[in-house]
file work25.txt (compact mmCIF, N, CA and C atoms)
# COMPACT_ATOMS: atom_id res chain seq x y z
N MET A 1 -3.69 6.70 -14.76
CA MET A 1 -2.31 6.44 -15.10
C MET A 1 -1.43 7.51 -14.45
N LEU A 2 -0.37 7.07 -13.81
CA LEU A 2 0.55 7.99 -13.15
C LEU A 2 1.66 8.41 -14.10
N THR A 3 2.09 9.66 -13.95
CA THR A 3 3.26 10.12 -14.70
C THR A 3 4.51 9.48 -14.07
N ARG A 4 5.62 9.64 -14.72
CA ARG A 4 6.89 9.11 -14.20
C ARG A 4 7.18 9.68 -12.81
N GLU A 5 6.99 10.98 -12.64
CA GLU A 5 7.25 11.64 -11.36
C GLU A 5 6.28 11.14 -10.29
N GLU A 6 5.02 10.97 -10.65
CA GLU A 6 4.02 10.47 -9.70
C GLU A 6 4.33 9.03 -9.29
N THR A 7 4.79 8.24 -10.24
CA THR A 7 5.15 6.85 -9.96
C THR A 7 6.32 6.81 -8.98
N LEU A 8 7.33 7.63 -9.19
CA LEU A 8 8.48 7.67 -8.30
C LEU A 8 8.08 8.14 -6.90
N ALA A 9 7.20 9.14 -6.84
CA ALA A 9 6.73 9.64 -5.54
C ALA A 9 5.93 8.56 -4.82
N THR A 10 5.06 7.88 -5.53
CA THR A 10 4.25 6.81 -4.92
C THR A 10 5.16 5.70 -4.40
N LYS A 11 6.15 5.33 -5.18
CA LYS A 11 7.11 4.29 -4.77
C LYS A 11 7.79 4.71 -3.46
N ALA A 12 8.27 5.93 -3.39
CA ALA A 12 8.96 6.42 -2.20
C ALA A 12 8.02 6.46 -0.99
N GLU A 13 6.78 6.87 -1.20
CA GLU A 13 5.81 6.96 -0.11
C GLU A 13 5.47 5.57 0.44
N LEU A 14 5.23 4.62 -0.45
CA LEU A 14 4.95 3.25 -0.01
C LEU A 14 6.15 2.66 0.72
N GLU A 15 7.34 2.86 0.18
CA GLU A 15 8.55 2.34 0.81
C GLU A 15 8.75 2.93 2.20
N GLU A 16 8.51 4.22 2.35
CA GLU A 16 8.69 4.87 3.65
C GLU A 16 7.70 4.32 4.67
N ASN A 17 6.45 4.16 4.29
CA ASN A 17 5.47 3.63 5.22
C ASN A 17 5.75 2.16 5.54
N PHE A 18 6.25 1.41 4.56
CA PHE A 18 6.65 0.03 4.80
C PHE A 18 7.79 -0.01 5.81
N ARG A 19 8.75 0.87 5.62
CA ARG A 19 9.90 0.95 6.54
C ARG A 19 9.43 1.30 7.96
N ARG A 20 8.52 2.26 8.06
CA ARG A 20 8.01 2.67 9.37
C ARG A 20 7.29 1.53 10.09
N LEU A 21 6.59 0.71 9.34
CA LEU A 21 5.87 -0.40 9.94
C LEU A 21 6.84 -1.48 10.42
N GLY A 22 7.87 -1.77 9.64
CA GLY A 22 8.90 -2.71 10.06
C GLY A 22 8.53 -4.17 9.96
N PHE A 23 7.51 -4.52 9.21
CA PHE A 23 7.13 -5.92 9.04
C PHE A 23 7.95 -6.55 7.92
N LYS A 24 8.09 -7.87 7.99
CA LYS A 24 8.75 -8.63 6.93
C LYS A 24 7.83 -8.69 5.71
N HIS A 25 8.43 -8.78 4.54
CA HIS A 25 7.66 -8.85 3.29
C HIS A 25 6.71 -10.05 3.30
N ALA A 26 7.19 -11.19 3.80
CA ALA A 26 6.36 -12.40 3.80
C ALA A 26 5.09 -12.20 4.62
N ARG A 27 5.21 -11.54 5.75
CA ARG A 27 4.03 -11.29 6.60
C ARG A 27 3.03 -10.39 5.90
N VAL A 28 3.52 -9.31 5.32
CA VAL A 28 2.63 -8.36 4.66
C VAL A 28 1.91 -9.03 3.49
N ALA A 29 2.64 -9.76 2.68
CA ALA A 29 2.02 -10.45 1.54
C ALA A 29 0.96 -11.44 2.03
N ARG A 30 1.30 -12.21 3.05
CA ARG A 30 0.35 -13.20 3.59
C ARG A 30 -0.91 -12.51 4.11
N GLU A 31 -0.75 -11.46 4.89
CA GLU A 31 -1.90 -10.78 5.48
C GLU A 31 -2.74 -10.06 4.43
N MET A 32 -2.10 -9.65 3.33
CA MET A 32 -2.84 -9.01 2.25
C MET A 32 -3.49 -10.02 1.31
N GLY A 33 -3.00 -11.26 1.35
CA GLY A 33 -3.53 -12.29 0.47
C GLY A 33 -2.99 -12.21 -0.94
N ILE A 34 -1.74 -11.71 -1.07
CA ILE A 34 -1.08 -11.66 -2.38
C ILE A 34 0.26 -12.38 -2.25
N SER A 35 0.90 -12.64 -3.39
CA SER A 35 2.19 -13.30 -3.36
C SER A 35 3.29 -12.29 -3.03
N GLN A 36 4.44 -12.81 -2.59
CA GLN A 36 5.58 -11.94 -2.33
C GLN A 36 6.06 -11.27 -3.62
N SER A 37 5.91 -11.96 -4.73
CA SER A 37 6.28 -11.39 -6.02
C SER A 37 5.37 -10.20 -6.36
N GLU A 38 4.09 -10.35 -6.10
CA GLU A 38 3.15 -9.25 -6.36
C GLU A 38 3.46 -8.07 -5.44
N LEU A 39 3.80 -8.34 -4.20
CA LEU A 39 4.18 -7.28 -3.27
C LEU A 39 5.44 -6.57 -3.76
N ALA A 40 6.42 -7.35 -4.20
CA ALA A 40 7.66 -6.76 -4.71
C ALA A 40 7.38 -5.86 -5.91
N ASP A 41 6.46 -6.27 -6.78
CA ASP A 41 6.10 -5.45 -7.94
C ASP A 41 5.52 -4.11 -7.50
N VAL A 42 4.70 -4.14 -6.46
CA VAL A 42 4.11 -2.89 -5.96
C VAL A 42 5.20 -2.00 -5.38
N LEU A 43 6.03 -2.54 -4.51
CA LEU A 43 7.06 -1.73 -3.87
C LEU A 43 8.05 -1.16 -4.88
N ALA A 44 8.29 -1.89 -5.95
CA ALA A 44 9.19 -1.39 -7.00
C ALA A 44 8.44 -0.53 -8.01
N MET A 45 7.11 -0.53 -7.91
CA MET A 45 6.25 0.14 -8.89
C MET A 45 6.64 -0.32 -10.29
N SER A 46 6.84 -1.64 -10.40
CA SER A 46 7.22 -2.28 -11.65
C SER A 46 5.99 -2.93 -12.28
N ARG A 47 5.20 -2.11 -12.93
CA ARG A 47 3.96 -2.56 -13.57
C ARG A 47 3.08 -3.38 -12.64
N PRO A 48 2.83 -2.84 -11.43
CA PRO A 48 2.03 -3.60 -10.48
C PRO A 48 0.55 -3.58 -10.85
N ASN A 49 -0.18 -4.52 -10.31
CA ASN A 49 -1.63 -4.49 -10.40
C ASN A 49 -2.08 -3.23 -9.64
N PRO A 50 -2.80 -2.31 -10.28
CA PRO A 50 -3.21 -1.08 -9.59
C PRO A 50 -4.01 -1.33 -8.32
N ALA A 51 -4.82 -2.38 -8.31
CA ALA A 51 -5.58 -2.69 -7.10
C ALA A 51 -4.63 -3.04 -5.96
N HIS A 52 -3.52 -3.69 -6.26
CA HIS A 52 -2.55 -4.04 -5.22
C HIS A 52 -1.86 -2.81 -4.67
N VAL A 53 -1.67 -1.79 -5.49
CA VAL A 53 -1.08 -0.54 -5.02
C VAL A 53 -2.00 0.08 -3.97
N TRP A 54 -3.28 0.18 -4.29
CA TRP A 54 -4.24 0.74 -3.34
C TRP A 54 -4.38 -0.14 -2.11
N MET A 55 -4.34 -1.44 -2.31
CA MET A 55 -4.45 -2.38 -1.20
C MET A 55 -3.28 -2.20 -0.23
N LEU A 56 -2.06 -2.10 -0.76
CA LEU A 56 -0.90 -1.91 0.09
C LEU A 56 -1.00 -0.58 0.81
N ARG A 57 -1.42 0.43 0.12
CA ARG A 57 -1.60 1.75 0.74
C ARG A 57 -2.52 1.64 1.94
N ASP A 58 -3.68 0.98 1.77
CA ASP A 58 -4.64 0.84 2.87
C ASP A 58 -4.07 -0.04 3.99
N TYR A 59 -3.41 -1.13 3.62
CA TYR A 59 -2.82 -2.02 4.62
C TYR A 59 -1.82 -1.25 5.49
N LEU A 60 -0.90 -0.55 4.86
CA LEU A 60 0.12 0.18 5.61
C LEU A 60 -0.52 1.23 6.50
N GLU A 61 -1.46 1.97 5.97
CA GLU A 61 -2.13 3.00 6.77
C GLU A 61 -2.84 2.38 7.97
N ASP A 62 -3.61 1.32 7.74
CA ASP A 62 -4.32 0.66 8.84
C ASP A 62 -3.36 0.18 9.92
N GLN A 63 -2.29 -0.49 9.51
CA GLN A 63 -1.35 -1.07 10.47
C GLN A 63 -0.59 0.01 11.24
N LEU A 64 -0.18 1.05 10.55
CA LEU A 64 0.53 2.14 11.23
C LEU A 64 -0.37 2.84 12.24
N ILE A 65 -1.59 3.16 11.85
CA ILE A 65 -2.52 3.83 12.75
C ILE A 65 -2.83 2.96 13.95
N GLN A 66 -3.06 1.67 13.72
CA GLN A 66 -3.37 0.74 14.81
C GLN A 66 -2.24 0.72 15.85
N ARG A 67 -1.01 0.91 15.41
CA ARG A 67 0.14 0.86 16.30
C ARG A 67 0.55 2.23 16.82
N GLY A 68 -0.21 3.25 16.48
CA GLY A 68 0.09 4.59 16.94
C GLY A 68 1.30 5.22 16.27
N LEU A 69 1.62 4.74 15.06
CA LEU A 69 2.75 5.26 14.31
C LEU A 69 2.27 6.26 13.26
N GLU A 70 3.11 7.21 12.96
CA GLU A 70 2.76 8.25 11.99
C GLU A 70 2.81 7.69 10.56
N VAL A 71 1.79 8.00 9.80
CA VAL A 71 1.73 7.62 8.38
C VAL A 71 2.41 8.70 7.57
N TYR A 72 3.40 8.31 6.78
CA TYR A 72 4.03 9.25 5.87
C TYR A 72 2.97 9.63 4.83
N PRO A 73 2.80 10.91 4.57
CA PRO A 73 1.70 11.32 3.67
C PRO A 73 1.88 10.87 2.23
N TYR A 74 0.76 10.55 1.64
CA TYR A 74 0.72 10.16 0.22
C TYR A 74 0.37 11.38 -0.61
N SER A 75 0.83 11.38 -1.84
CA SER A 75 0.49 12.46 -2.77
C SER A 75 -0.69 12.01 -3.64
N LYS A 76 -0.46 11.13 -4.58
CA LYS A 76 -1.53 10.68 -5.48
C LYS A 76 -2.49 9.70 -4.80
N LEU A 77 -2.07 9.04 -3.76
CA LEU A 77 -2.92 8.07 -3.07
C LEU A 77 -3.50 8.66 -1.78
N ALA A 78 -3.57 9.98 -1.73
CA ALA A 78 -3.96 10.66 -0.49
C ALA A 78 -5.41 10.39 -0.10
N GLN A 79 -6.32 10.36 -1.05
CA GLN A 79 -7.74 10.23 -0.74
C GLN A 79 -8.27 8.88 -1.20
N HIS A 80 -8.91 8.17 -0.30
CA HIS A 80 -9.54 6.90 -0.68
C HIS A 80 -10.54 7.11 -1.82
N SER A 81 -11.20 8.25 -1.82
CA SER A 81 -12.22 8.52 -2.83
C SER A 81 -11.63 8.63 -4.24
N ALA A 82 -10.30 8.81 -4.34
CA ALA A 82 -9.67 8.88 -5.66
C ALA A 82 -9.67 7.52 -6.35
N ASN A 83 -9.81 6.47 -5.57
CA ASN A 83 -9.83 5.12 -6.13
C ASN A 83 -11.26 4.73 -6.46
N GLN A 84 -11.66 4.97 -7.68
CA GLN A 84 -13.02 4.67 -8.12
C GLN A 84 -13.06 3.44 -9.02
N TRP A 85 -11.92 2.94 -9.43
CA TRP A 85 -11.89 1.90 -10.45
C TRP A 85 -11.36 0.56 -9.97
N PHE A 86 -10.57 0.56 -8.93
CA PHE A 86 -9.89 -0.66 -8.52
C PHE A 86 -10.47 -1.18 -7.21
N HIS A 87 -11.11 -2.33 -7.30
CA HIS A 87 -11.73 -2.94 -6.13
C HIS A 87 -10.88 -4.10 -5.65
N TYR A 88 -10.84 -4.28 -4.34
CA TYR A 88 -10.02 -5.32 -3.74
C TYR A 88 -10.54 -5.62 -2.34
N ASP A 89 -10.17 -6.80 -1.86
CA ASP A 89 -10.52 -7.20 -0.51
C ASP A 89 -9.51 -6.63 0.47
N ARG A 90 -9.89 -6.60 1.73
CA ARG A 90 -9.00 -6.15 2.81
C ARG A 90 -9.02 -7.20 3.91
N PRO A 91 -8.43 -8.38 3.65
CA PRO A 91 -8.53 -9.48 4.61
C PRO A 91 -7.93 -9.16 5.99
N TRP A 92 -6.96 -8.29 6.05
CA TRP A 92 -6.32 -7.96 7.33
C TRP A 92 -7.29 -7.22 8.26
N ARG A 93 -8.31 -6.57 7.71
CA ARG A 93 -9.25 -5.83 8.55
C ARG A 93 -10.12 -6.76 9.40
N GLN A 94 -10.21 -8.00 9.02
CA GLN A 94 -10.96 -8.97 9.83
C GLN A 94 -10.24 -9.22 11.15
N LYS A 95 -8.95 -8.93 11.19
CA LYS A 95 -8.14 -9.15 12.40
C LYS A 95 -8.05 -7.91 13.26
N LEU A 96 -8.41 -6.73 12.71
CA LEU A 96 -8.27 -5.48 13.46
C LEU A 96 -9.38 -5.33 14.48

call {"tool": "encode", "arguments": {"input": "work25.txt", "output": "structure tokens"}}
result
Amino acid sequence: MLTREETLATKAELEENFRRLGFKHARVAREMGISQSELADVLAMSRPNPAHVWMLRDYLEDQLIQRGLEVYPYSKLAQHSANQWFHYDRPWRQKL
């Protein structure tokens, strides 16, 4: 569970990496295999599915690195190993 400050930091970090990537919301949701509403919940950090938070983090990181763009650093989502409880698919990796 994230504190209020950690939630705000995570929201800002995801938003910044989303901005850097420059993709439309519809594309990201489609490639992640989630609805646009679920994506909006993650970006707003409005009681999102925790697996979707980690999924978006991985998606943004993968896409930015693939394009040679700098990933804005994460604080609480910095290490993949920190995610021990939330499992999810990564359908976009089949295209990488």

call {"tool": "atom_distance", "arguments": {"input": "work25.txt", "atom1": "atom N of Ser46 of chain A", "atom2": "atom CA of Thr7 of chain A"}}
result
8.7 Å

call {"tool": "atom_distance", "arguments": {"input": "work25.txt", "atom1": "atom C of Tyr72 of chain A", "atom2": "atom CA of Arg20 of chain A"}}
result
9.7 Å

call {"tool": "residues_around", "arguments": {"input": "work25.txt", "residues": "Arg90 of chain A", "least_positions_apart": "2", "cutoff": "10 Å", "atoms": "only C-alpha atoms", "output": "list in words"}}
result
Glu31, Met32, Gly33, Met55, Leu56, Asp58, Tyr59, His87, Tyr88, Trp92, Arg93 and Gln94 of chain A

call {"tool": "atom_distance", "arguments": {"input": "work25.txt", "atom1": "atom CA of Leu43 of chain A", "atom2": "atom N of Leu14 of chain A"}}
result
7.4 Å

call {"tool": "residues_around", "arguments": {"input": "work25.txt", "residues": "Val53 of chain A", "least_positions_apart": "2", "cutoff": "10 Å", "atoms": "only C-alpha atoms", "output": "compact mmCIF listing (two decimals) with N, CA and C atoms, in the coordinates of the input"}}
result
# COMPACT_ATOMS: atom_id res chain seq x y z
N THR A 10 5.06 7.88 -5.53
CA THR A 10 4.25 6.81 -4.92
C THR A 10 5.16 5.70 -4.40
N LYS A 11 6.15 5.33 -5.18
CA LYS A 11 7.11 4.29 -4.77
C LYS A 11 7.79 4.71 -3.46
N LEU A 14 5.23 4.62 -0.45
CA LEU A 14 4.95 3.25 -0.01
C LEU A 14 6.15 2.66 0.72
N GLU A 38 4.09 -10.35 -6.10
CA GLU A 38 3.15 -9.25 -6.36
C GLU A 38 3.46 -8.07 -5.44
N LEU A 39 3.80 -8.34 -4.20
CA LEU A 39 4.18 -7.28 -3.27
C LEU A 39 5.44 -6.57 -3.76
N ASP A 41 6.46 -6.27 -6.78
CA ASP A 41 6.10 -5.45 -7.94
C ASP A 41 5.52 -4.11 -7.50
N VAL A 42 4.70 -4.14 -6.46
CA VAL A 42 4.11 -2.89 -5.96
C VAL A 42 5.20 -2.00 -5.38
N LEU A 43 6.03 -2.54 -4.51
CA LEU A 43 7.06 -1.73 -3.87
C LEU A 43 8.05 -1.16 -4.88
N MET A 45 7.11 -0.53 -7.91
CA MET A 45 6.25 0.14 -8.89
C MET A 45 6.64 -0.32 -10.29
N PRO A 48 2.83 -2.84 -11.43
CA PRO A 48 2.03 -3.60 -10.48
C PRO A 48 0.55 -3.58 -10.85
N ASN A 49 -0.18 -4.52 -10.31
CA ASN A 49 -1.63 -4.49 -10.40
C ASN A 49 -2.08 -3.23 -9.64
N PRO A 50 -2.80 -2.31 -10.28
CA PRO A 50 -3.21 -1.08 -9.59
C PRO A 50 -4.01 -1.33 -8.32
N ALA A 51 -4.82 -2.38 -8.31
CA ALA A 51 -5.58 -2.69 -7.10
C ALA A 51 -4.63 -3.04 -5.96
N MET A 55 -4.34 -1.44 -2.31
CA MET A 55 -4.45 -2.38 -1.20
C MET A 55 -3.28 -2.20 -0.23
N LEU A 56 -2.06 -2.10 -0.76
CA LEU A 56 -0.90 -1.91 0.09
C LEU A 56 -1.00 -0.58 0.81
N ARG A 57 -1.42 0.43 0.12
CA ARG A 57 -1.60 1.75 0.74
C ARG A 57 -2.52 1.64 1.94
N ASP A 58 -3.68 0.98 1.77
CA ASP A 58 -4.64 0.84 2.87
C ASP A 58 -4.07 -0.04 3.99
N TYR A 59 -3.41 -1.13 3.62
CA TYR A 59 -2.82 -2.02 4.62
C TYR A 59 -1.82 -1.25 5.49
N LEU A 77 -2.07 9.04 -3.76
CA LEU A 77 -2.92 8.07 -3.07
C LEU A 77 -3.50 8.66 -1.78
N PHE A 86 -10.57 0.56 -8.93
CA PHE A 86 -9.89 -0.66 -8.52
C PHE A 86 -10.47 -1.18 -7.21

call {"tool": "residues_around", "arguments": {"input": "work25.txt", "residues": "Val71 of chain A", "least_positions_apart": "2", "cutoff": "9 Å", "atoms": "only C-alpha atoms", "output": "CSV table (one decimal) with N, CA and C atoms, in the frame of the given file"}}
result
chain,number,residue,atom,x,y,z
A,16,GLU,N,8.5,4.2,2.4
A,16,GLU,CA,8.7,4.9,3.6
A,16,GLU,C,7.7,4.3,4.7
A,17,ASN,N,6.4,4.2,4.3
A,17,ASN,CA,5.5,3.6,5.2
A,17,ASN,C,5.8,2.2,5.5
A,20,ARG,N,8.5,2.3,8.1
A,20,ARG,CA,8.0,2.7,9.4
A,20,ARG,C,7.3,1.5,10.1
A,60,LEU,N,-0.9,-0.6,4.9
A,60,LEU,CA,0.1,0.2,5.6
A,60,LEU,C,-0.5,1.2,6.5
A,61,GLU,N,-1.5,2.0,6.0
A,61,GLU,CA,-2.1,3.0,6.8
A,61,GLU,C,-2.8,2.4,8.0
A,64,LEU,N,-0.2,1.0,10.6
A,64,LEU,CA,0.5,2.1,11.2
A,64,LEU,C,-0.4,2.8,12.2
A,65,ILE,N,-1.6,3.2,11.8
A,65,ILE,CA,-2.5,3.8,12.8
A,65,ILE,C,-2.8,3.0,14.0
A,69,LEU,N,1.6,4.7,15.1
A,69,LEU,CA,2.8,5.3,14.3
A,69,LEU,C,2.3,6.3,13.3
A,73,PRO,N,2.8,10.9,4.6
A,73,PRO,CA,1.7,11.3,3.7
A,73,PRO,C,1.9,10.9,2.2
A,74,TYR,N,0.8,10.6,1.6
A,74,TYR,CA,0.7,10.2,0.2
A,74,TYR,C,0.4,11.4,-0.6

call {"tool": "select_by_dssp", "arguments": {"input": "work25.txt", "residues": "chain A", "states": "alpha helix (DSSP H)", "output": "ChimeraX atom specification"}}
result
/A:4-21,25-32,36-44,50-66

call {"tool": "write_last_selection", "arguments": {"input": "work25.txt", "atoms": "N, CA and C atoms", "output": "compact mmCIF listing (two decimals), in the coordinates of the input"}}
result
# COMPACT_ATOMS: atom_id res chain seq x y z
N ARG A 4 5.62 9.64 -14.72
CA ARG A 4 6.89 9.11 -14.20
C ARG A 4 7.18 9.68 -12.81
N GLU A 5 6.99 10.98 -12.64
CA GLU A 5 7.25 11.64 -11.36
C GLU A 5 6.28 11.14 -10.29
N GLU A 6 5.02 10.97 -10.65
CA GLU A 6 4.02 10.47 -9.70
C GLU A 6 4.33 9.03 -9.29
N THR A 7 4.79 8.24 -10.24
CA THR A 7 5.15 6.85 -9.96
C THR A 7 6.32 6.81 -8.98
N LEU A 8 7.33 7.63 -9.19
CA LEU A 8 8.48 7.67 -8.30
C LEU A 8 8.08 8.14 -6.90
N ALA A 9 7.20 9.14 -6.84
CA ALA A 9 6.73 9.64 -5.54
C ALA A 9 5.93 8.56 -4.82
N THR A 10 5.06 7.88 -5.53
CA THR A 10 4.25 6.81 -4.92
C THR A 10 5.16 5.70 -4.40
N LYS A 11 6.15 5.33 -5.18
CA LYS A 11 7.11 4.29 -4.77
C LYS A 11 7.79 4.71 -3.46
N ALA A 12 8.27 5.93 -3.39
CA ALA A 12 8.96 6.42 -2.20
C ALA A 12 8.02 6.46 -0.99
N GLU A 13 6.78 6.87 -1.20
CA GLU A 13 5.81 6.96 -0.11
C GLU A 13 5.47 5.57 0.44
N LEU A 14 5.23 4.62 -0.45
CA LEU A 14 4.95 3.25 -0.01
C LEU A 14 6.15 2.66 0.72
N GLU A 15 7.34 2.86 0.18
CA GLU A 15 8.55 2.34 0.81
C GLU A 15 8.75 2.93 2.20
N GLU A 16 8.51 4.22 2.35
CA GLU A 16 8.69 4.87 3.65
C GLU A 16 7.70 4.32 4.67
N ASN A 17 6.45 4.16 4.29
CA ASN A 17 5.47 3.63 5.22
C ASN A 17 5.75 2.16 5.54
N PHE A 18 6.25 1.41 4.56
CA PHE A 18 6.65 0.03 4.80
C PHE A 18 7.79 -0.01 5.81
N ARG A 19 8.75 0.87 5.62
CA ARG A 19 9.90 0.95 6.54
C ARG A 19 9.43 1.30 7.96
N ARG A 20 8.52 2.26 8.06
CA ARG A 20 8.01 2.67 9.37
C ARG A 20 7.29 1.53 10.09
N LEU A 21 6.59 0.71 9.34
CA LEU A 21 5.87 -0.40 9.94
C LEU A 21 6.84 -1.48 10.42
N HIS A 25 8.43 -8.78 4.54
CA HIS A 25 7.66 -8.85 3.29
C HIS A 25 6.71 -10.05 3.30
N ALA A 26 7.19 -11.19 3.80
CA ALA A 26 6.36 -12.40 3.80
C ALA A 26 5.09 -12.20 4.62
N ARG A 27 5.21 -11.54 5.75
CA ARG A 27 4.03 -11.29 6.60
C ARG A 27 3.03 -10.39 5.90
N VAL A 28 3.52 -9.31 5.32
CA VAL A 28 2.63 -8.36 4.66
C VAL A 28 1.91 -9.03 3.49
N ALA A 29 2.64 -9.76 2.68
CA ALA A 29 2.02 -10.45 1.54
C ALA A 29 0.96 -11.44 2.03
N ARG A 30 1.30 -12.21 3.05
CA ARG A 30 0.35 -13.20 3.59
C ARG A 30 -0.91 -12.51 4.11
N GLU A 31 -0.75 -11.46 4.89
CA GLU A 31 -1.90 -10.78 5.48
C GLU A 31 -2.74 -10.06 4.43
N MET A 32 -2.10 -9.65 3.33
CA MET A 32 -2.84 -9.01 2.25
C MET A 32 -3.49 -10.02 1.31
N GLN A 36 4.44 -12.81 -2.59
CA GLN A 36 5.58 -11.94 -2.33
C GLN A 36 6.06 -11.27 -3.62
N SER A 37 5.91 -11.96 -4.73
CA SER A 37 6.28 -11.39 -6.02
C SER A 37 5.37 -10.20 -6.36
N GLU A 38 4.09 -10.35 -6.10
CA GLU A 38 3.15 -9.25 -6.36
C GLU A 38 3.46 -8.07 -5.44
N LEU A 39 3.80 -8.34 -4.20
CA LEU A 39 4.18 -7.28 -3.27
C LEU A 39 5.44 -6.57 -3.76
N ALA A 40 6.42 -7.35 -4.20
CA ALA A 40 7.66 -6.76 -4.71
C ALA A 40 7.38 -5.86 -5.91
N ASP A 41 6.46 -6.27 -6.78
CA ASP A 41 6.10 -5.45 -7.94
C ASP A 41 5.52 -4.11 -7.50
N VAL A 42 4.70 -4.14 -6.46
CA VAL A 42 4.11 -2.89 -5.96
C VAL A 42 5.20 -2.00 -5.38
N LEU A 43 6.03 -2.54 -4.51
CA LEU A 43 7.06 -1.73 -3.87
C LEU A 43 8.05 -1.16 -4.88
N ALA A 44 8.29 -1.89 -5.95
CA ALA A 44 9.19 -1.39 -7.00
C ALA A 44 8.44 -0.53 -8.01
N PRO A 50 -2.80 -2.31 -10.28
CA PRO A 50 -3.21 -1.08 -9.59
C PRO A 50 -4.01 -1.33 -8.32
N ALA A 51 -4.82 -2.38 -8.31
CA ALA A 51 -5.58 -2.69 -7.10
C ALA A 51 -4.63 -3.04 -5.96
N HIS A 52 -3.52 -3.69 -6.26
CA HIS A 52 -2.55 -4.04 -5.22
C HIS A 52 -1.86 -2.81 -4.67
N VAL A 53 -1.67 -1.79 -5.49
CA VAL A 53 -1.08 -0.54 -5.02
C VAL A 53 -2.00 0.08 -3.97
N TRP A 54 -3.28 0.18 -4.29
CA TRP A 54 -4.24 0.74 -3.34
C TRP A 54 -4.38 -0.14 -2.11
N MET A 55 -4.34 -1.44 -2.31
CA MET A 55 -4.45 -2.38 -1.20
C MET A 55 -3.28 -2.20 -0.23
N LEU A 56 -2.06 -2.10 -0.76
CA LEU A 56 -0.90 -1.91 0.09
C LEU A 56 -1.00 -0.58 0.81
N ARG A 57 -1.42 0.43 0.12
CA ARG A 57 -1.60 1.75 0.74
C ARG A 57 -2.52 1.64 1.94
N ASP A 58 -3.68 0.98 1.77
CA ASP A 58 -4.64 0.84 2.87
C ASP A 58 -4.07 -0.04 3.99
N TYR A 59 -3.41 -1.13 3.62
CA TYR A 59 -2.82 -2.02 4.62
C TYR A 59 -1.82 -1.25 5.49
N LEU A 60 -0.90 -0.55 4.86
CA LEU A 60 0.12 0.18 5.61
C LEU A 60 -0.52 1.23 6.50
N GLU A 61 -1.46 1.97 5.97
CA GLU A 61 -2.13 3.00 6.77
C GLU A 61 -2.84 2.38 7.97
N ASP A 62 -3.61 1.32 7.74
CA ASP A 62 -4.32 0.66 8.84
C ASP A 62 -3.36 0.18 9.92
N GLN A 63 -2.29 -0.49 9.51
CA GLN A 63 -1.35 -1.07 10.47
C GLN A 63 -0.59 0.01 11.24
N LEU A 64 -0.18 1.05 10.55
CA LEU A 64 0.53 2.14 11.23
C LEU A 64 -0.37 2.84 12.24
N ILE A 65 -1.59 3.16 11.85
CA ILE A 65 -2.52 3.83 12.75
C ILE A 65 -2.83 2.96 13.95
N GLN A 66 -3.06 1.67 13.72
CA GLN A 66 -3.37 0.74 14.81
C GLN A 66 -2.24 0.72 15.85

call {"tool": "closest_residue", "arguments": {"input": "work25.txt", "among": "A:Glu15, A:His52, A:Arg47, A:Gly22", "to": "Ser35 of chain A", "atoms": "only C-alpha atoms"}}
result
A:His52

call {"tool": "decode", "arguments": {"input": "work25.txt", "residues": "segment 49-74 of chain A", "atoms": "C-alpha atoms", "output": "compact mmCIF listing (two decimals), in the first residue's frame"}}
result
# COMPACT_ATOMS: atom_id res chain seq x y z
CA ASN A 49 -5.81 -2.29 -10.15
CA PRO A 50 -2.26 -2.60 -8.71
CA ALA A 51 -1.30 -5.05 -11.44
CA HIS A 52 -2.23 -2.42 -14.02
CA VAL A 53 0.05 0.11 -12.32
CA TRP A 54 3.00 -2.26 -12.66
CA MET A 55 1.92 -3.21 -16.17
CA LEU A 56 1.87 0.43 -17.29
CA ARG A 57 5.22 1.01 -15.65
CA ASP A 58 6.73 -1.90 -17.63
CA TYR A 59 4.98 -0.89 -20.85
CA LEU A 60 6.25 2.69 -20.68
CA GLU A 61 9.77 1.60 -19.80
CA ASP A 62 9.89 -0.96 -22.62
CA GLN A 63 8.54 1.47 -25.22
CA LEU A 64 10.79 4.35 -24.18
CA ILE A 65 13.93 2.19 -24.16
CA GLN A 66 13.04 0.65 -27.53
CA ARG A 67 12.83 4.17 -29.00
CA GLY A 68 16.04 5.37 -27.38
CA LEU A 69 14.18 7.79 -25.10
CA GLU A 70 15.11 8.47 -21.50
CA VAL A 71 12.92 6.89 -18.83
CA TYR A 72 11.98 9.28 -16.06
CA PRO A 73 13.06 7.49 -12.87
CA TYR A 74 10.54 5.81 -10.63
